[in-house]
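Student: Below you'll find coords.tsv; it's TSV, C-alpha atoms.
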```
chain	number	residue	atom	x	y	z
A	1484	GLN	CA	-8.28	-21.93	-10.44
A	1485	VAL	CA	-10.61	-20.49	-7.83
A	1486	GLN	CA	-13.90	-18.79	-8.57
A	1487	LEU	CA	-15.38	-16.49	-5.97
A	1488	VAL	CA	-18.99	-15.34	-5.74
A	1489	GLU	CA	-20.03	-12.73	-3.20
A	1490	SER	CA	-23.54	-12.25	-1.86
A	1491	GLY	CA	-25.35	-10.54	0.98
A	1492	GLY	CA	-24.99	-6.93	0.00
A	1493	GLY	CA	-27.88	-4.51	0.01
A	1494	LEU	CA	-29.33	-1.32	1.42
A	1495	VAL	CA	-29.22	-0.80	5.16
A	1496	GLN	CA	-29.77	2.14	7.47
A	1497	ALA	CA	-26.94	3.65	9.46
A	1498	GLY	CA	-26.33	1.63	12.59
A	1499	GLY	CA	-27.53	-1.55	10.94
A	1500	SER	CA	-25.81	-4.81	10.14
A	1501	LEU	CA	-25.13	-7.00	7.13
A	1502	ARG	CA	-23.39	-10.30	6.61
A	1503	LEU	CA	-21.54	-10.79	3.39
A	1504	SER	CA	-20.70	-14.25	2.09
A	1505	CYS	CA	-18.18	-15.37	-0.46
A	1506	ALA	CA	-18.51	-18.86	-1.89
A	1507	ALA	CA	-15.42	-20.36	-3.47
A	1508	SER	CA	-15.07	-23.15	-5.97
A	1509	GLY	CA	-12.23	-25.61	-5.90
A	1510	ARG	CA	-10.93	-28.22	-3.52
A	1511	THR	CA	-8.11	-26.18	-2.04
A	1512	PHE	CA	-10.10	-23.40	-0.37
A	1513	SER	CA	-8.58	-24.06	3.02
A	1514	SER	CA	-5.08	-23.43	1.65
A	1515	TYR	CA	-5.86	-19.83	0.67
A	1516	VAL	CA	-5.74	-16.65	2.65
A	1517	MET	CA	-9.10	-14.97	2.13
A	1518	GLY	CA	-9.53	-11.24	2.13
A	1519	TRP	CA	-12.27	-8.64	1.87
A	1520	PHE	CA	-11.70	-5.34	0.11
A	1521	ARG	CA	-14.03	-2.49	-0.76
A	1522	GLN	CA	-14.19	0.26	-3.33
A	1523	ALA	CA	-16.28	3.38	-2.94
A	1524	PRO	CA	-17.16	5.57	-5.93
A	1525	GLY	CA	-14.18	7.63	-7.03
A	1526	LYS	CA	-11.85	5.91	-4.57
A	1527	GLU	CA	-9.26	3.20	-4.79
A	1528	ARG	CA	-9.98	-0.31	-3.64
A	1529	GLU	CA	-8.97	-0.71	-0.01
A	1530	PHE	CA	-8.30	-3.54	2.38
A	1531	VAL	CA	-10.95	-4.43	4.93
A	1532	ALA	CA	-10.01	-7.75	6.53
A	1533	ALA	CA	-8.22	-11.03	5.92
A	1534	ILE	CA	-8.25	-14.49	7.46
A	1535	GLY	CA	-5.52	-17.08	7.26
A	1536	TRP	CA	-5.27	-20.83	7.29
A	1537	TYR	CA	-5.38	-21.04	11.07
A	1538	ILE	CA	-8.24	-18.57	11.48
A	1539	ASN	CA	-5.82	-15.78	12.34
A	1540	THR	CA	-7.21	-12.45	11.24
A	1541	VAL	CA	-6.14	-8.95	10.26
A	1542	TYR	CA	-8.34	-5.87	10.05
A	1543	ALA	CA	-8.05	-2.39	8.64
A	1544	ASP	CA	-7.88	0.33	11.26
A	1545	PHE	CA	-11.21	1.83	10.21
A	1546	VAL	CA	-13.01	-1.39	11.13
A	1547	GLU	CA	-12.58	-0.51	14.81
A	1548	GLY	CA	-14.16	-3.74	16.02
A	1549	ARG	CA	-17.32	-3.37	13.94
A	1550	PHE	CA	-16.59	-6.15	11.41
A	1551	THR	CA	-15.74	-9.81	11.87
A	1552	ILE	CA	-14.25	-12.04	9.20
A	1553	SER	CA	-14.69	-15.78	9.45
A	1554	ARG	CA	-14.44	-18.84	7.26
A	1555	ASP	CA	-16.06	-22.25	7.00
A	1556	ASN	CA	-13.67	-24.51	5.15
A	1557	ALA	CA	-16.25	-27.30	4.97
A	1558	LYS	CA	-18.52	-24.96	3.01
A	1559	ASN	CA	-15.75	-23.21	1.06
A	1560	THR	CA	-17.14	-19.91	2.30
A	1561	VAL	CA	-15.77	-16.79	3.92
A	1562	TYR	CA	-17.97	-14.29	5.70
A	1563	LEU	CA	-17.81	-10.66	6.69
A	1564	GLN	CA	-20.19	-9.74	9.49
A	1565	MET	CA	-20.59	-5.97	9.56
A	1566	SER	CA	-22.32	-3.99	12.29
A	1567	SER	CA	-22.67	-0.35	13.31
A	1568	LEU	CA	-22.56	0.57	9.65
A	1569	THR	CA	-22.20	4.18	8.59
A	1570	PRO	CA	-22.64	5.89	5.21
A	1571	ASP	CA	-18.84	5.84	4.90
A	1572	ASP	CA	-19.07	2.05	4.59
A	1573	THR	CA	-20.97	2.38	1.32
A	1574	ALA	CA	-18.95	0.60	-1.35
A	1575	VAL	CA	-18.70	-2.45	-3.52
A	1576	TYR	CA	-17.23	-5.22	-1.39
A	1577	TYR	CA	-14.96	-7.80	-2.99
A	1578	CYS	CA	-13.57	-11.02	-1.68
A	1579	ALA	CA	-10.20	-12.31	-2.79
A	1580	ALA	CA	-8.04	-15.39	-2.42
A	1581	GLY	CA	-4.29	-15.40	-2.10
A	1582	SER	CA	-1.42	-17.67	-1.23
A	1583	GLY	CA	-0.34	-17.50	2.37
A	1584	PRO	CA	0.60	-17.73	5.08
A	1585	LEU	CA	-1.17	-14.65	6.40
A	1586	THR	CA	1.76	-13.67	8.61
A	1587	THR	CA	4.16	-13.23	5.69
A	1588	MET	CA	2.05	-12.23	2.68
A	1589	THR	CA	1.21	-8.59	3.58
A	1590	PRO	CA	-2.55	-9.17	3.25
A	1591	THR	CA	-3.37	-5.48	2.89
A	1592	LEU	CA	-1.93	-5.36	-0.63
A	1593	LEU	CA	-4.20	-6.10	-3.59
A	1594	SER	CA	-1.29	-7.60	-5.49
A	1595	ARG	CA	-1.01	-10.44	-2.97
A	1596	TYR	CA	-4.31	-11.91	-4.11
A	1597	ASN	CA	-4.63	-14.11	-7.18
A	1598	TYR	CA	-8.40	-14.44	-7.45
A	1599	TRP	CA	-11.22	-11.93	-7.08
A	1600	GLY	CA	-14.99	-12.05	-6.99
A	1601	GLN	CA	-17.27	-9.74	-8.92
A	1602	GLY	CA	-18.27	-7.73	-5.87
A	1603	THR	CA	-21.46	-7.02	-3.97
A	1604	GLN	CA	-22.87	-3.55	-3.38
A	1605	VAL	CA	-23.37	-2.31	0.17
A	1606	THR	CA	-25.25	0.95	0.58
A	1607	VAL	CA	-25.72	2.55	3.99
A	1608	SER	CA	-28.29	5.31	4.22
A	1609	SER	CA	-28.16	8.06	6.82
```
Translate the structure described by the file into structure tokens.

Tutor:
Amino acid sequence: QVQLVESGGGLVQAGGSLRLSCAASGRTFSSYVMGWFRQAPGKEREFVAAIGWYINTVYADFVEGRFTISRDNAKNTVYLQMSSLTPDDTAVYYCAAGSGPLTTMTPTLLSRYNYWGQGTQVTVSS
């Protein structure tokens, strides 16, 4: 079992930055592929980024170099550094853990992840 707790969300002006964190319980954190998803009001949950065992990463096209996913296995934590935020980035952001490896698991699919956090709200004002 893995429990995930997100933090770091909040209200930010357009063009600003936020860093989201996701703390995981359990001794096998390093063996999971970690992903970030988001869900805006009235929309389906969508993939944002994922990071594998060997720090390889995958990003959604809309990220366009603005976000960086990273992980600290010693702290059982995955991060999402977001910059150049726009109102379109407003959503609840979720982290998720899935079995890898990243290169074969199709990390963009929600169904590939076994564990989910409760989400953290990110609101970007114009």

Student: What's around segment 1546-1556 of chain A at 10 Å? Count all atoms listed in the file, leave out sequence neighbours fewer than 6 positions away in its own chain, and write the answer as a ChimeraX atom specification.

Tutor: /A:1500-1507,1510-1514,1517-1519,1531-1536,1538-1540,1562-1568,1572

Student: For a test of reading the model, state the distance in Å between atom CA of Arg1595 of chain A and atom CA of Phe1545 of chain A, rounded to one decimal.

Tutor: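 These two atoms are separated by 20.7 Å.
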
Student: Which polymer residues have any atom within 12 Å of an atom of Asn1597 of chain A, counting all atoms listed in the file, with same-chain residues fewer than 3 positions away left out, as an mmCIF file with C-alpha atoms, keeping the file's coordinate frame?

Tutor:
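Okay, this is what ended up in around29.cif:
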```cif
data_model
loop_
_atom_site.group_PDB
_atom_site.id
_atom_site.type_symbol
_atom_site.label_atom_id
_atom_site.label_comp_id
_atom_site.auth_asym_id
_atom_site.auth_seq_id
_atom_site.Cartn_x
_atom_site.Cartn_y
_atom_site.Cartn_z
ATOM 1 C CA GLN A 1484 -8.280 -21.930 -10.440
ATOM 2 C CA VAL A 1485 -10.610 -20.490 -7.830
ATOM 3 C CA GLN A 1486 -13.900 -18.790 -8.570
ATOM 4 C CA LEU A 1487 -15.380 -16.490 -5.970
ATOM 5 C CA TYR A 1515 -5.860 -19.830 0.670
ATOM 6 C CA VAL A 1516 -5.740 -16.650 2.650
ATOM 7 C CA MET A 1517 -9.100 -14.970 2.130
ATOM 8 C CA GLY A 1518 -9.530 -11.240 2.130
ATOM 9 C CA CYS A 1578 -13.570 -11.020 -1.680
ATOM 10 C CA ALA A 1579 -10.200 -12.310 -2.790
ATOM 11 C CA ALA A 1580 -8.040 -15.390 -2.420
ATOM 12 C CA GLY A 1581 -4.290 -15.400 -2.100
ATOM 13 C CA SER A 1582 -1.420 -17.670 -1.230
ATOM 14 C CA GLY A 1583 -0.340 -17.500 2.370
ATOM 15 C CA PRO A 1590 -2.550 -9.170 3.250
ATOM 16 C CA LEU A 1592 -1.930 -5.360 -0.630
ATOM 17 C CA LEU A 1593 -4.200 -6.100 -3.590
ATOM 18 C CA SER A 1594 -1.290 -7.600 -5.490
ATOM 19 C CA GLY A 1600 -14.990 -12.050 -6.990
#
```

Student: How many Å separate atom CA of Ala1543 of chain A from atom CA of Ser1608 of chain A?

Tutor: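 Atom CA of Ala1543 of chain A sits 22.1 Å away from atom CA of Ser1608 of chain A.
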
Student: So, with only C-alpha atoms as the atoms that count, which of A:Ser1508, A:Thr1606, A:Gln1522, A:Ser1490 lies closest to Thr1569 of chain A?

Tutor: A:Thr1606

Student: Between atom CA of Thr1589 of chain A and atom CA of Val1488 of chain A, measure the distance and give it in Å to one decimal.

Tutor: 23.2 Å

Student: Mind working out the centre and edge lengths of an axis-aligned box for segment 1570-1577 of chain A, all listed atoms inside, 3 Å added to each side, rounded to one decimal in Å and written as JSON?

Tutor:
```
{"center_x": -18.8, "center_y": -1.0, "center_z": 0.8, "size_x": 13.7, "size_y": 19.7, "size_z": 14.7}
```

Student: At a cut-off of 12 Å, using all atoms listed in the file, what residues contact Pro1524 of chain A? Leave out same-chain residues fewer than 6 positions from it and give the result as a ChimeraX atom specification.

Tutor: /A:1571-1576,1604-1606

Student: With distances taken over only C-alpha atoms, which of A:Glu1529, A:Lys1558, A:Val1607, A:Pro1570 is nearest to Thr1591 of chain A?

Tutor: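 Among the listed residues, the smallest separation from Thr1591 of chain A belongs to A:Glu1529.
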
Student: Taking all atoms listed in the file into account, which of A:Asn1559, A:Gln1496, A:Thr1603, A:Ser1609 comes nearest Gly1509 of chain A?

Tutor: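 Of all the options, A:Asn1559 lies closest to Gly1509 of chain A.
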
Student: Go through A:Ala1523, A:Val1561, A:Val1541, A:Leu1585 and flag the residue nearest Glu1489 of chain A, using all atoms listed in the file for the distances.

Tutor: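 Ranked by minimum distance to Glu1489 of chain A, first place goes to A:Val1561.
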
Student: Because the input lacks atoms here, generate all heavy atoms for segment 1576-1587 of chain A and report them as a PDB file, in the coordinates of the input.

Tutor:
```
ATOM      1  N   TYR A1576     -18.109  -4.369  -2.202  1.00  0.00           N
ATOM      2  CA  TYR A1576     -17.230  -5.220  -1.390  1.00  0.00           C
ATOM      3  C   TYR A1576     -16.824  -6.442  -2.216  1.00  0.00           C
ATOM      4  O   TYR A1576     -17.682  -7.118  -2.796  1.00  0.00           O
ATOM      5  CB  TYR A1576     -17.931  -5.642  -0.108  1.00  0.00           C
ATOM      6  CG  TYR A1576     -17.966  -4.535   0.912  1.00  0.00           C
ATOM      7  CD1 TYR A1576     -18.789  -3.424   0.728  1.00  0.00           C
ATOM      8  CD2 TYR A1576     -17.179  -4.577   2.055  1.00  0.00           C
ATOM      9  CE1 TYR A1576     -18.813  -2.391   1.652  1.00  0.00           C
ATOM     10  CE2 TYR A1576     -17.194  -3.561   2.995  1.00  0.00           C
ATOM     11  CZ  TYR A1576     -18.015  -2.468   2.781  1.00  0.00           C
ATOM     12  OH  TYR A1576     -18.032  -1.439   3.701  1.00  0.00           O
ATOM     13  N   TYR A1577     -15.520  -6.700  -2.221  1.00  0.00           N
ATOM     14  CA  TYR A1577     -14.960  -7.800  -2.990  1.00  0.00           C
ATOM     15  C   TYR A1577     -14.273  -8.791  -2.066  1.00  0.00           C
ATOM     16  O   TYR A1577     -13.595  -8.381  -1.121  1.00  0.00           O
ATOM     17  CB  TYR A1577     -13.910  -7.287  -3.979  1.00  0.00           C
ATOM     18  CG  TYR A1577     -14.420  -6.323  -5.012  1.00  0.00           C
ATOM     19  CD1 TYR A1577     -14.439  -4.954  -4.755  1.00  0.00           C
ATOM     20  CD2 TYR A1577     -14.872  -6.773  -6.245  1.00  0.00           C
ATOM     21  CE1 TYR A1577     -14.897  -4.054  -5.705  1.00  0.00           C
ATOM     22  CE2 TYR A1577     -15.332  -5.888  -7.207  1.00  0.00           C
ATOM     23  CZ  TYR A1577     -15.342  -4.530  -6.939  1.00  0.00           C
ATOM     24  OH  TYR A1577     -15.794  -3.655  -7.886  1.00  0.00           O
ATOM     25  N   CYS A1578     -14.412 -10.058  -2.358  1.00  0.00           N
ATOM     26  CA  CYS A1578     -13.570 -11.020  -1.680  1.00  0.00           C
ATOM     27  C   CYS A1578     -12.461 -11.469  -2.613  1.00  0.00           C
ATOM     28  O   CYS A1578     -12.579 -11.358  -3.846  1.00  0.00           O
ATOM     29  CB  CYS A1578     -14.356 -12.216  -1.142  1.00  0.00           C
ATOM     30  SG  CYS A1578     -14.905 -13.409  -2.356  1.00  0.00           S
ATOM     31  N   ALA A1579     -11.389 -11.946  -2.013  1.00  0.00           N
ATOM     32  CA  ALA A1579     -10.200 -12.310  -2.790  1.00  0.00           C
ATOM     33  C   ALA A1579      -9.500 -13.473  -2.112  1.00  0.00           C
ATOM     34  O   ALA A1579      -9.599 -13.650  -0.893  1.00  0.00           O
ATOM     35  CB  ALA A1579      -9.267 -11.115  -2.903  1.00  0.00           C
ATOM     36  N   ALA A1580      -8.795 -14.241  -2.917  1.00  0.00           N
ATOM     37  CA  ALA A1580      -8.040 -15.390  -2.420  1.00  0.00           C
ATOM     38  C   ALA A1580      -6.576 -15.238  -2.809  1.00  0.00           C
ATOM     39  O   ALA A1580      -6.267 -14.909  -3.958  1.00  0.00           O
ATOM     40  CB  ALA A1580      -8.605 -16.687  -2.982  1.00  0.00           C
ATOM     41  N   GLY A1581      -5.717 -15.500  -1.839  1.00  0.00           N
ATOM     42  CA  GLY A1581      -4.290 -15.400  -2.100  1.00  0.00           C
ATOM     43  C   GLY A1581      -3.512 -16.488  -1.414  1.00  0.00           C
ATOM     44  O   GLY A1581      -4.027 -17.152  -0.509  1.00  0.00           O
ATOM     45  N   SER A1582      -2.280 -16.653  -1.837  1.00  0.00           N
ATOM     46  CA  SER A1582      -1.420 -17.670  -1.230  1.00  0.00           C
ATOM     47  C   SER A1582      -0.817 -17.128   0.046  1.00  0.00           C
ATOM     48  O   SER A1582      -0.331 -16.001   0.077  1.00  0.00           O
ATOM     49  CB  SER A1582      -0.329 -18.086  -2.213  1.00  0.00           C
ATOM     50  OG  SER A1582      -0.897 -18.640  -3.380  1.00  0.00           O
ATOM     51  N   GLY A1583      -0.811 -17.955   1.076  1.00  0.00           N
ATOM     52  CA  GLY A1583      -0.340 -17.500   2.370  1.00  0.00           C
ATOM     53  C   GLY A1583       1.065 -17.947   2.675  1.00  0.00           C
ATOM     54  O   GLY A1583       1.804 -18.266   1.755  1.00  0.00           O
ATOM     55  N   PRO A1584       1.448 -17.953   3.916  1.00  0.00           N
ATOM     56  CA  PRO A1584       0.600 -17.730   5.080  1.00  0.00           C
ATOM     57  C   PRO A1584       0.324 -16.257   5.341  1.00  0.00           C
ATOM     58  O   PRO A1584       1.016 -15.384   4.862  1.00  0.00           O
ATOM     59  CB  PRO A1584       1.408 -18.345   6.222  1.00  0.00           C
ATOM     60  CG  PRO A1584       2.824 -18.185   5.792  1.00  0.00           C
ATOM     61  CD  PRO A1584       2.825 -18.356   4.301  1.00  0.00           C
ATOM     62  N   LEU A1585      -0.719 -16.004   6.108  1.00  0.00           N
ATOM     63  CA  LEU A1585      -1.170 -14.650   6.400  1.00  0.00           C
ATOM     64  C   LEU A1585      -0.057 -13.821   7.022  1.00  0.00           C
ATOM     65  O   LEU A1585       0.077 -12.637   6.717  1.00  0.00           O
ATOM     66  CB  LEU A1585      -2.381 -14.702   7.326  1.00  0.00           C
ATOM     67  CG  LEU A1585      -3.023 -13.360   7.679  1.00  0.00           C
ATOM     68  CD1 LEU A1585      -3.631 -12.720   6.451  1.00  0.00           C
ATOM     69  CD2 LEU A1585      -4.075 -13.548   8.768  1.00  0.00           C
ATOM     70  N   THR A1586       0.753 -14.412   7.852  1.00  0.00           N
ATOM     71  CA  THR A1586       1.760 -13.670   8.610  1.00  0.00           C
ATOM     72  C   THR A1586       2.899 -13.151   7.754  1.00  0.00           C
ATOM     73  O   THR A1586       3.625 -12.267   8.190  1.00  0.00           O
ATOM     74  CB  THR A1586       2.328 -14.555   9.723  1.00  0.00           C
ATOM     75  OG1 THR A1586       2.765 -15.791   9.144  1.00  0.00           O
ATOM     76  CG2 THR A1586       1.287 -14.832  10.779  1.00  0.00           C
ATOM     77  N   THR A1587       3.040 -13.667   6.522  1.00  0.00           N
ATOM     78  CA  THR A1587       4.160 -13.230   5.690  1.00  0.00           C
ATOM     79  C   THR A1587       3.750 -12.636   4.352  1.00  0.00           C
ATOM     80  O   THR A1587       4.591 -12.184   3.598  1.00  0.00           O
ATOM     81  CB  THR A1587       5.117 -14.407   5.411  1.00  0.00           C
ATOM     82  OG1 THR A1587       4.402 -15.440   4.721  1.00  0.00           O
ATOM     83  CG2 THR A1587       5.690 -14.967   6.709  1.00  0.00           C
TER      84      THR A1587
END
```
